[in-house]
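Reproduced below: query_26.csv, with CSV, C-alpha atoms and all ligand atoms.
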chain,number,residue,atom,x,y,z
W,90,MET,CA,152.4,125.6,124.6
W,91,ILE,CA,153.0,129.4,124.3
W,92,PRO,CA,150.8,131.6,126.5
W,93,ALA,CA,148.5,134.3,125.0
W,94,PRO,CA,150.1,137.7,125.2
W,95,PHE,CA,150.0,139.5,128.6
W,96,GLU,CA,151.4,142.5,130.3
W,97,TYR,CA,153.8,141.7,133.2
W,98,HIS,CA,153.8,143.9,136.4
W,99,SER,CA,156.3,143.6,139.2
W,100,PRO,CA,155.0,145.6,142.2
W,101,THR,CA,157.3,146.1,145.2
W,102,SER,CA,154.6,146.7,147.8
W,103,LEU,CA,151.3,145.1,148.7
W,104,LYS,CA,149.6,148.5,148.1
W,105,GLU,CA,151.0,148.7,144.6
W,106,ALA,CA,149.9,145.1,143.9
W,107,LEU,CA,146.4,145.9,145.2
W,108,ASP,CA,146.2,149.0,143.0
W,109,LEU,CA,147.1,147.0,140.0
W,110,LEU,CA,144.6,144.2,140.9
W,111,THR,CA,141.8,146.7,141.3
W,112,SER,CA,142.6,149.1,138.4
W,113,LYS,CA,143.3,146.6,135.6
W,114,GLU,CA,140.9,144.3,133.8
W,115,ASP,CA,141.5,140.6,133.7
W,116,VAL,CA,144.4,140.3,136.1
W,117,LYS,CA,146.0,137.2,137.6
W,118,LEU,CA,148.4,137.2,140.6
W,119,LEU,CA,151.6,135.2,140.1
W,120,ALA,CA,153.3,133.5,143.0
W,121,GLY,CA,155.4,130.4,142.1
W,122,GLY,CA,153.8,130.0,138.7
W,123,GLN,CA,153.7,126.2,139.1
W,124,SER,CA,149.9,126.0,138.6
W,125,LEU,CA,149.2,129.3,136.7
W,126,VAL,CA,151.9,129.0,134.1
W,127,PRO,CA,150.9,125.5,132.9
W,128,LEU,CA,147.3,126.7,132.6
W,129,MET,CA,148.4,129.7,130.6
W,130,LYS,CA,150.6,127.6,128.4
W,131,LEU,CA,147.6,125.4,127.6
W,132,ARG,CA,145.6,128.6,127.1
W,133,LEU,CA,143.1,127.5,129.7
W,134,ALA,CA,143.9,130.9,131.4
W,135,LYS,CA,144.5,133.9,129.2
W,136,PRO,CA,144.9,136.9,131.6
W,137,LYS,CA,145.7,140.2,130.1
W,138,HIS,CA,147.8,141.3,133.1
W,139,ILE,CA,150.1,139.3,135.4
W,140,VAL,CA,150.9,140.8,138.8
W,141,ASP,CA,154.0,139.1,140.1
W,142,LEU,CA,154.0,139.0,143.9
W,143,GLY,CA,157.6,137.9,144.1
W,144,GLY,CA,159.1,141.4,144.5
W,145,ILE,CA,157.1,142.3,147.6
W,146,PRO,CA,159.4,142.0,150.6
W,147,GLY,CA,158.4,140.1,153.8
W,148,LEU,CA,155.8,137.8,152.2
W,149,GLU,CA,157.9,134.7,152.7
W,150,SER,CA,158.7,134.9,156.4
W,151,ILE,CA,158.0,132.1,158.9
W,152,ARG,CA,157.9,133.3,162.5
W,153,GLU,CA,156.3,132.4,165.9
W,154,GLU,CA,153.6,134.9,166.9
W,155,GLY,CA,151.5,134.7,170.0
W,156,ASP,CA,150.0,131.2,170.2
W,157,GLY,CA,150.7,130.3,166.6
W,158,ILE,CA,153.1,130.4,163.7
W,159,SER,CA,152.7,133.0,161.0
W,160,ILE,CA,153.7,131.9,157.5
W,161,GLY,CA,153.9,134.4,154.6
W,162,ALA,CA,151.9,133.4,151.6
W,163,LEU,CA,155.0,133.4,149.4
W,164,ALA,CA,156.9,130.9,151.6
W,165,THR,CA,157.8,128.1,149.2
W,166,HIS,CA,157.1,124.4,149.8
W,167,ALA,CA,160.9,123.9,150.2
W,168,GLU,CA,161.0,126.7,152.9
W,169,VAL,CA,158.1,125.2,154.7
W,170,GLU,CA,159.6,121.7,154.5
W,171,SER,CA,163.0,122.8,155.8
W,172,SER,CA,161.9,125.3,158.5
W,173,ASP,CA,163.3,124.3,161.9
W,174,LEU,CA,160.6,126.3,163.6
W,175,LEU,CA,157.8,124.4,161.8
W,176,ARG,CA,159.5,121.1,162.2
W,177,LYS,CA,159.7,121.6,166.0
W,178,ARG,CA,156.4,123.4,166.6
W,179,CYS,CA,154.0,122.3,163.8
W,180,PRO,CA,155.6,119.3,162.1
W,181,LEU,CA,152.4,118.3,160.1
W,182,LEU,CA,153.0,121.2,157.7
W,183,PRO,CA,156.7,120.3,156.7
W,184,GLN,CA,155.7,116.6,156.6
W,185,THR,CA,153.1,117.5,154.0
W,186,ALA,CA,155.2,120.0,152.0
W,187,ALA,CA,157.9,117.3,151.7
W,188,THR,CA,155.6,115.1,149.7
W,189,ILE,CA,154.7,117.7,147.0
W,190,ALA,CA,156.0,116.8,143.6
W,191,ASP,CA,159.8,117.1,143.2
W,192,VAL,CA,162.4,119.5,144.4
W,193,GLN,CA,162.1,121.9,141.4
W,194,VAL,CA,158.3,122.4,142.1
W,195,ARG,CA,158.9,122.7,145.8
W,196,ASN,CA,161.6,125.4,145.2
W,197,ARG,CA,159.1,127.5,143.2
W,198,GLY,CA,155.6,126.7,144.4
W,199,THR,CA,154.2,128.6,147.4
W,200,LEU,CA,151.9,127.9,150.3
W,201,GLY,CA,149.7,130.8,149.4
W,202,GLY,CA,149.6,129.7,145.7
W,203,SER,CA,148.6,126.2,146.6
W,204,LEU,CA,145.8,127.3,148.9
W,205,ALA,CA,144.5,130.0,146.5
W,206,HIS,CA,144.6,127.6,143.6
W,207,ALA,CA,142.6,125.0,145.6
W,208,ASP,CA,143.4,122.0,143.4
W,209,PRO,CA,141.2,119.2,144.8
W,210,ALA,CA,144.3,116.9,144.6
W,211,GLY,CA,146.6,119.4,146.3
W,212,ASP,CA,148.2,118.2,149.5
W,213,LEU,CA,148.3,121.3,151.6
W,214,PRO,CA,144.5,121.9,151.9
W,215,ALA,CA,144.0,118.7,153.8
W,216,THR,CA,146.7,119.7,156.3
W,217,ILE,CA,145.5,123.3,156.6
W,218,LEU,CA,142.0,121.9,157.5
W,219,ALA,CA,143.4,119.4,160.0
W,220,LEU,CA,145.4,122.3,161.7
W,221,ASP,CA,142.4,124.6,161.8
W,222,ALA,CA,144.6,127.2,160.2
W,223,GLN,CA,143.5,130.8,159.4
W,224,MET,CA,144.2,132.7,156.2
W,225,LYS,CA,144.8,136.5,156.2
W,226,THR,CA,143.8,138.4,153.1
W,227,VAL,CA,144.1,142.1,152.0
W,228,GLY,CA,141.8,143.8,149.6
W,229,PRO,CA,140.3,147.2,148.9
W,230,LYS,CA,138.1,146.9,152.0
W,231,GLY,CA,141.0,146.1,154.2
W,232,GLU,CA,142.2,142.9,155.9
W,233,ARG,CA,140.2,139.9,157.0
W,234,TRP,CA,140.9,136.4,158.4
W,235,ILE,CA,139.2,133.3,156.9
W,236,LYS,CA,139.1,130.0,158.8
W,237,ALA,CA,140.3,127.0,156.9
W,238,GLU,CA,136.8,125.4,157.2
W,239,ASP,CA,135.4,128.4,155.4
W,240,PHE,CA,138.1,128.7,152.8
W,241,PHE,CA,137.7,125.9,150.2
W,242,PHE,CA,134.5,126.1,148.1
W,243,GLY,CA,135.1,123.5,145.4
W,244,LEU,CA,137.2,122.8,142.3
W,245,LEU,CA,139.7,125.7,142.1
W,246,MET,CA,137.2,127.8,144.1
W,247,THR,CA,137.9,129.5,147.4
W,248,ALA,CA,136.5,132.3,149.7
W,249,LEU,CA,139.1,134.7,148.2
W,250,GLU,CA,137.5,137.6,146.4
W,251,PRO,CA,139.0,138.4,142.9
W,252,ASP,CA,140.4,141.7,144.3
W,253,GLU,CA,142.0,140.1,147.4
W,254,ILE,CA,145.5,138.9,148.0
W,255,LEU,CA,146.3,136.0,150.4
W,256,THR,CA,149.2,137.3,152.5
W,257,GLU,CA,149.6,135.0,155.5
W,258,VAL,CA,148.6,131.7,157.0
W,259,LYS,CA,148.5,131.2,160.7
W,260,VAL,CA,148.9,127.7,162.1
W,261,PRO,CA,148.8,126.6,165.8
W,262,VAL,CA,151.8,125.5,167.8
W,263,LEU,CA,151.2,121.8,168.3
W,264,GLU,CA,152.3,120.9,171.9
W,265,HIS,CA,152.5,117.2,172.3
W,266,ALA,CA,150.5,116.4,169.2
W,267,LYS,CA,151.2,113.4,167.0
W,268,THR,CA,151.0,114.0,163.3
W,269,ALA,CA,151.4,112.4,159.9
W,270,TYR,CA,150.6,113.1,156.3
W,271,LEU,CA,150.3,110.1,153.9
W,272,LYS,CA,149.2,109.9,150.3
W,273,ALA,CA,148.7,107.6,147.4
W,274,ALA,CA,150.4,109.8,144.8
W,275,GLN,CA,149.7,110.1,141.1
W,276,ARG,CA,152.9,108.7,139.7
W,277,ALA,CA,153.8,111.4,137.1
W,278,SER,CA,153.0,114.5,139.1
W,279,GLY,CA,153.0,113.5,142.7
W,280,PHE,CA,149.5,115.0,143.2
W,281,ALA,CA,147.3,113.1,145.7
W,282,VAL,CA,145.0,110.5,144.3
W,283,VAL,CA,144.1,110.3,148.1
W,284,GLY,CA,146.0,112.2,150.8
W,285,VAL,CA,145.3,112.1,154.5
W,286,ALA,CA,146.6,114.5,157.3
W,287,ALA,CA,146.2,113.2,160.8
W,288,CYS,CA,146.8,115.2,164.0
W,289,LEU,CA,146.0,113.8,167.4
W,290,LYS,CA,146.6,114.3,171.1
W,291,LEU,CA,146.5,111.6,173.8
W,292,ASP,CA,146.0,112.2,177.5
W,293,ALA,CA,148.3,110.7,180.2
W,294,ARG,CA,146.3,107.5,180.1
W,295,GLY,CA,146.5,107.1,176.3
W,296,THR,CA,143.0,108.2,175.5
W,297,CYS,CA,142.5,110.2,172.3
W,298,GLU,CA,141.8,113.7,173.6
W,299,GLU,CA,141.8,115.5,170.3
W,300,ILE,CA,141.8,114.3,166.7
W,301,ALA,CA,141.7,116.0,163.3
W,302,VAL,CA,141.7,114.2,160.0
W,303,GLY,CA,142.0,116.2,156.7
W,304,VAL,CA,141.4,114.4,153.4
W,305,THR,CA,142.3,115.5,149.9
W,306,GLY,CA,142.0,114.0,146.4
W,307,VAL,CA,138.7,112.3,147.2
W,308,ALA,CA,136.1,115.0,146.5
W,309,ASP,CA,136.0,118.3,144.6
W,310,LYS,CA,137.6,119.9,147.7
W,311,ALA,CA,139.5,118.9,150.7
W,312,TYR,CA,137.4,118.1,153.8
W,313,ARG,CA,137.6,117.0,157.5
W,314,ALA,CA,136.5,113.4,158.1
W,315,ALA,CA,134.1,114.3,160.8
W,316,GLU,CA,132.7,110.9,161.4
W,317,VAL,CA,136.1,109.3,161.7
W,318,GLU,CA,137.1,111.9,164.3
W,319,ARG,CA,133.8,111.4,166.2
W,320,ARG,CA,134.3,107.7,166.4
W,321,LEU,CA,137.9,108.0,167.8
W,322,LYS,CA,137.7,111.0,170.1
W,323,GLY,CA,137.6,110.0,173.7
W,324,LYS,CA,138.6,106.4,173.1
W,325,ARG,CA,141.8,104.4,173.6
W,326,LEU,CA,142.9,103.8,170.1
W,327,ASP,CA,143.7,100.3,168.8
W,328,ALA,CA,144.1,98.8,165.4
W,329,LYS,CA,140.6,97.4,165.1
W,330,LEU,CA,138.9,100.7,166.3
W,331,ILE,CA,141.0,102.7,163.8
W,332,GLU,CA,140.1,100.4,161.0
W,333,VAL,CA,136.4,100.5,161.7
W,334,ALA,CA,136.5,104.3,162.1
W,335,ALA,CA,138.5,104.8,158.9
W,336,TYR,CA,135.8,103.0,157.0
W,337,GLU,CA,133.6,106.1,157.5
W,338,VAL,CA,136.0,108.5,155.8
W,339,CYS,CA,133.8,108.9,152.7
W,340,ARG,CA,130.5,109.1,154.7
W,341,SER,CA,128.3,111.8,153.0
W,342,ILE,CA,131.0,112.6,150.5
W,343,ASP,CA,130.5,112.7,146.7
W,344,VAL,CA,133.6,110.7,145.7
W,345,VAL,CA,135.2,111.9,142.4
W,346,GLU,CA,136.1,109.5,139.6
W,347,ASP,CA,138.7,110.2,136.9
W,348,ILE,CA,141.6,108.5,135.0
W,349,ASN,CA,143.4,108.0,138.3
W,350,GLY,CA,140.7,106.1,140.0
W,351,SER,CA,137.1,105.0,140.1
W,352,LYS,CA,134.8,105.9,143.0
W,353,GLU,CA,135.2,102.4,144.4
W,354,TYR,CA,139.0,102.5,144.2
W,355,ARG,CA,139.3,106.0,145.7
W,356,THR,CA,136.9,105.1,148.5
W,357,HIS,CA,139.0,102.0,149.2
W,358,LEU,CA,142.3,104.0,149.1
W,359,ALA,CA,140.7,106.7,151.4
W,360,ARG,CA,139.8,104.1,154.0
W,361,VAL,CA,143.3,102.4,153.9
W,362,TYR,CA,145.2,105.7,153.9
W,363,THR,CA,143.1,107.1,156.8
W,364,GLY,CA,143.9,104.1,158.9
W,365,ARG,CA,147.6,104.3,158.0
W,366,ALA,CA,147.9,108.0,158.6
W,367,ILE,CA,146.3,107.7,162.1
W,368,GLU,CA,148.5,104.7,162.9
W,369,ALA,CA,151.6,106.6,161.6
W,370,ALA,CA,150.7,109.6,163.8
W,371,LEU,CA,150.2,107.4,166.8
W,372,SER,CA,153.7,106.0,166.4
W,373,ALA,CA,155.3,109.3,165.7
W,401,LIG,C1,154.8,119.0,137.8
W,401,LIG,C2,154.0,119.5,139.0
W,401,LIG,C3,153.7,118.6,140.0
W,401,LIG,C4,153.0,119.1,141.1
W,401,LIG,N1,152.7,118.2,142.1
W,401,LIG,C5,152.0,118.6,143.2
W,401,LIG,C6,151.8,117.8,144.3
W,401,LIG,O1,152.3,116.6,144.3
W,401,LIG,N2,151.1,118.2,145.3
W,401,LIG,C7,150.6,119.5,145.3
W,401,LIG,O2,149.9,119.9,146.3
W,401,LIG,N3,150.8,120.4,144.3
W,401,LIG,C8,151.5,120.0,143.3
W,401,LIG,N4,151.8,120.8,142.2
W,401,LIG,C9,151.3,122.2,142.3
W,401,LIG,C10,152.3,123.1,143.1
W,401,LIG,O3,152.2,122.7,144.5
W,401,LIG,C11,152.0,124.6,143.0
W,401,LIG,O4,153.1,125.2,143.6
W,401,LIG,C12,150.8,125.1,143.6
W,401,LIG,O5,149.6,124.5,143.3
W,401,LIG,C13,150.5,126.6,143.2
W,401,LIG,O6,151.4,127.4,143.9
W,401,LIG,P1,152.2,128.5,143.1
W,401,LIG,O7,152.9,129.4,144.1
W,401,LIG,O8,153.0,128.0,142.1
W,401,LIG,O9,151.0,129.4,142.5
W,401,LIG,P2,150.8,130.1,141.1
W,401,LIG,O10,150.8,129.0,140.0
W,401,LIG,O11,151.6,131.2,140.9
W,401,LIG,O12,149.3,130.6,141.3
W,401,LIG,C14,148.2,129.6,141.4
W,401,LIG,C15,146.9,130.4,141.5
W,401,LIG,O13,146.8,131.0,142.8
W,401,LIG,C16,146.7,132.4,142.7
W,401,LIG,N5,147.5,133.0,143.7
W,401,LIG,C17,148.8,132.7,143.9
W,401,LIG,N6,149.3,133.3,145.0
W,401,LIG,C18,148.2,134.1,145.5
W,401,LIG,C19,148.0,134.9,146.6
W,401,LIG,N7,149.0,135.1,147.5
W,401,LIG,N8,146.8,135.5,146.8
W,401,LIG,C20,145.8,135.2,146.0
W,401,LIG,N9,145.9,134.4,144.9
W,401,LIG,C21,147.1,133.8,144.7
W,401,LIG,C22,147.2,132.8,141.3
W,401,LIG,O14,146.6,134.0,140.8
W,401,LIG,C23,146.7,131.5,140.5
W,401,LIG,O15,145.3,131.6,140.2
W,401,LIG,C24,152.5,120.4,141.1
W,401,LIG,C25,152.8,121.3,140.1
W,401,LIG,C26,153.6,120.9,139.0
W,401,LIG,C27,153.9,121.8,137.9

Since I need it in another form, could you write the structure as structure tokens?
Ligand SMILES: Cc1cc2nc3c(=O)[nH]c(=O)nc-3n(C[C@H](O)[C@H](O)[C@H](O)COP(=O)(O)OP(=O)(O)OC[C@H]3O[C@@H](n4cnc5c(N)ncnc54)[C@H](O)[C@@H]3O)c2cc1C
Amino acid sequence: MIPAPFEYHSPTSLKEALDLLTSKEDVKLLAGGQSLVPLMKLRLAKPKHIVDLGGIPGLESIREEGDGISIGALATHAEVESSDLLRKRCPLLPQTAATIADVQVRNRGTLGGSLAHADPAGDLPATILALDAQMKTVGPKGERWIKAEDFFFGLLMTALEPDEILTEVKVPVLEHAKTAYLKAAQRASGFAVVGVAACLKLDARGTCEEIAVGVTGVADKAYRAAEVERRLKGKRLDAKLIEVAAYEVCRSIDVVEDINGSKEYRTHLARVYTGRAIEAALSA
């Protein structure tokens, strides 16, 4: 349970962090340490250099900007959960952050760390997909924005290059949207065996104008339940319609199997939780 030796660096600017990232061999960025440190203790990760992002000012801010809300990559789950701005203008994100693990993990773990780590059972990727969020990175070639749909590649794999730092996440302001995040949690850790983020808008007559359903825990990466969305968009939602649509949540998905659940059990949970999340959003 003791990590392999490493050299610790504590840059105070993004430039300094980037210089370290590009000039040293075998470097890992450290944010909240809630995923990286356990891996290091188990010696599944043995980086020679640790670059701690915690001393870089401004990377934890949460502010309204244009038509969206900009969240610094170092904003902790607890800061996201308790942000008045997000609660009013993009409640799905605090609703999700509040379900992560326990208060100790939420006080240390960060939004950027969760997304960069891309744990297939992590909660935030489902929500980031449902929100059509965008991720801003900086690297030696400059800055770039990556859409949520292009960000997650697979188990612990993202579109981030090894020499890039995720600095910001931009989410939309949700005017009149109804949202909910529900999960069947693994008892010991709180990770999602299945987690579903639902975000929808109804028109004046109660027809579903827009719907986004993000799913985590089911496959090797979070995904949008496109067939569920297709079956509900443009319809007046009722319990039967939602149940029938939710049945399609694993359509074309290679459902994972592990000690927390067989393929059949996960598929069943995904259907049940998709229905419940949509119903919960509707009554929000
Ligand atoms: C007991 C326990 C229970 C947990 N339960 C849950 C849960 O219920 N739901 C859930 O979603 N998560 C859970 N987690 C994980 C937690 O949410 C972590 O906070 C998160 O996965 C990683 O965030 P971090 O800031 O700690 O990142 P770190 O551990 O510091 O880093 C993780 C990885 O991301 C990279 N990285 C970090 N920041 C950046 C950046 N800005 N740019 C580029 N790369 C970066 C690091 O190099 C590293 O590879 C749990 C963790 C623990 C220890």

Using all atoms listed in the file, tabulate the residues of region 220-258 of chain W lying at most 12 Å from any atom of region 173-184 of chain W, each with its closest atom pair and that distance in Å to one decimal, by chain and increasing residue number, as CSV.
residue,atom,partner,partner_atom,distance
W:Leu220,CA,W:Leu181,CA,8.2
W:Asp221,CA,W:Leu182,CA,11.9
W:Ala222,CA,W:Leu182,CA,10.6
W:Val258,CA,W:Leu182,CA,11.4

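If you look at CA of Ser99 (chain W) and CA of His138 (chain W), they are 10.7 Å away from each other.
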
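The point (160.2, 135.2, 157.4) has these residues within 12 Å of it when only C-alpha atoms are used: Pro146, Gly147, Leu148, Glu149, Ser150, Ile151, Arg152, Glu153, Glu154, Ile158, Ser159, Ile160, Gly161, Ala162, Leu163, Ala164, Thr165, Glu168, Val169, Ser172, Leu174, Leu175 and Glu257 of chain W.
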
* **For Glu346 (chain W), the nearest of the candidates W:Ala308, W:Leu245, W:Ile217, W:Ala187, counting all atoms listed in the file** => W:Ala308

* When you draw a straight line from CA of His357 (chain W) to atom C12 of ligand LIG 401 (chain W), how long is it in Å? -> 26.5 Å

* Among listed residues W:Leu133, W:Phe280, W:Leu142, W:Gly243, nearest ligand LIG 401 (chain W) (using all atoms listed in the file) ->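 Closest residue, counting all atoms listed in the file: W:Phe280.
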
* Asked: Quick one: residues within 8 Å of Lys272 (chain W), all atoms listed in the file counted, chain neighbours fewer than 2 positions away excluded, as a PyMOL selection string?
  -> chain W and resi 270+274+281-285+362

How close does chain W get to ligand LIG 401 (chain W)? List, as CSV, each residue of chain W within 7 Å, its nearest atom pair and the distance in Å to one decimal, counting only C-alpha atoms and all ligand atoms.
residue,atom,partner,partner_atom,distance
W:Lys117,CA,W:LIG401,O14,4.6
W:Leu118,CA,W:LIG401,O14,3.7
W:Leu119,CA,W:LIG401,O11,4.1
W:Ala120,CA,W:LIG401,O11,3.5
W:Gly121,CA,W:LIG401,O7,3.4
W:Gly122,CA,W:LIG401,O11,3.3
W:Gln123,CA,W:LIG401,O8,3.6
W:Ser124,CA,W:LIG401,O10,3.4
W:Leu125,CA,W:LIG401,O10,3.7
W:Val126,CA,W:LIG401,O10,6.0
W:Pro127,CA,W:LIG401,C27,6.9
W:Ala162,CA,W:LIG401,N7,5.3
W:Leu163,CA,W:LIG401,N7,6.5
W:Thr188,CA,W:LIG401,O1,6.5
W:Ile189,CA,W:LIG401,O1,3.8
W:Ala190,CA,W:LIG401,O1,3.8
W:Val194,CA,W:LIG401,C26,5.8
W:Arg195,CA,W:LIG401,O4,6.7
W:Arg197,CA,W:LIG401,O8,6.2
W:Gly198,CA,W:LIG401,O4,3.0
W:Thr199,CA,W:LIG401,O7,3.6
W:Leu200,CA,W:LIG401,O6,6.4
W:Gly201,CA,W:LIG401,N7,4.8
W:Gly202,CA,W:LIG401,O6,3.4
W:Ser203,CA,W:LIG401,O5,3.8
W:Ala205,CA,W:LIG401,O13,4.5
W:His206,CA,W:LIG401,O13,4.1
W:Asp208,CA,W:LIG401,O5,6.7
W:Ala210,CA,W:LIG401,O2,6.6
W:Gly211,CA,W:LIG401,O2,3.3
W:Asp212,CA,W:LIG401,O2,4.0
W:Leu213,CA,W:LIG401,O2,5.7
W:Glu253,CA,W:LIG401,C20,6.4
W:Ile254,CA,W:LIG401,N8,3.8
W:Leu255,CA,W:LIG401,N8,3.7
W:Thr256,CA,W:LIG401,N7,5.5
W:Ser278,CA,W:LIG401,C3,4.3
W:Gly279,CA,W:LIG401,O1,3.6
W:Phe280,CA,W:LIG401,O1,3.4
W:Ala281,CA,W:LIG401,O1,6.3

Contact table region 214-332 of chain W vs region 103-116 of chain W, cut-off 12 Å, shortest pair per residue, all atoms listed in the file, as a Markdown table:
| residue | atom | partner | partner_atom | distance |
| --- | --- | --- | --- | --- |
| W:Thr226 | CA | W:Leu103 | CA | 11.0 |
| W:Val227 | CA | W:Leu107 | CA | 8.1 |
| W:Gly228 | CA | W:Leu107 | CA | 6.7 |
| W:Pro229 | CA | W:Leu107 | CA | 7.3 |
| W:Lys230 | CA | W:Leu107 | CA | 10.8 |
| W:Gly231 | CA | W:Leu107 | CA | 10.5 |
| W:Glu232 | CA | W:Leu103 | CA | 11.8 |
| W:Glu250 | CA | W:Leu110 | CA | 11.1 |
| W:Pro251 | CA | W:Leu110 | CA | 8.3 |
| W:Asp252 | CA | W:Leu110 | CA | 6.0 |
| W:Glu253 | CA | W:Leu107 | CA | 7.6 |
| W:Ile254 | CA | W:Leu107 | CA | 7.6 |
| W:Leu255 | CA | W:Leu103 | CA | 10.5 |
| W:Thr256 | CA | W:Leu103 | CA | 8.9 |

Put the listed atoms of region 127-144 of chain W in a box along x, y and z with 6 Å added on every side and give me the centre and edge lengths in Å to one decimal, as AutoDock Vina command-line options.
--center_x 151.1 --center_y 133.4 --center_z 135.8 --size_x 28.0 --size_y 28.0 --size_z 29.4

* Considering all atoms listed in the file, state which residue in the set W:Asn196, W:Ser102, W:Thr247, W:Thr363 is at the smallest distance from Ala287 (chain W). =>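 Between W:Asn196, W:Ser102, W:Thr247, W:Thr363, the residue approaching Ala287 (chain W) most closely is W:Thr363.
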
* Within 12 Å of Ile348 (chain W), counting all atoms listed in the file, which residues qualify if same-chain residues fewer than 4 places away don't, as a list in words? ->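 My reading of the contact set: Gln275, Val282, Lys352, Tyr354 and Arg355 of chain W.
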
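Coordinates place CA of Val344 (chain W) at a distance of 18.9 Å from CA of Glu238 (chain W).
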
* **Pick from W:Pro100, W:Gly323, W:Gly306, W:Gly157, whichever lies nearest to Asp343 (chain W) using only C-alpha atoms** => W:Gly306

* From the set W:Leu218, W:Ala167, W:Ala369, W:Asp292, which residue has the shortest atom-to-atom contact distance to Ala314 (chain W), counting all atoms listed in the file? ->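 Comparing W:Leu218, W:Ala167, W:Ala369, W:Asp292 against Ala314 (chain W), the winner is W:Leu218.
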
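Residue nearest Gly364 (chain W), chosen from W:Arg319, W:Ala269, W:Gly350, W:Leu204 and counting all atoms listed in the file: W:Ala269.
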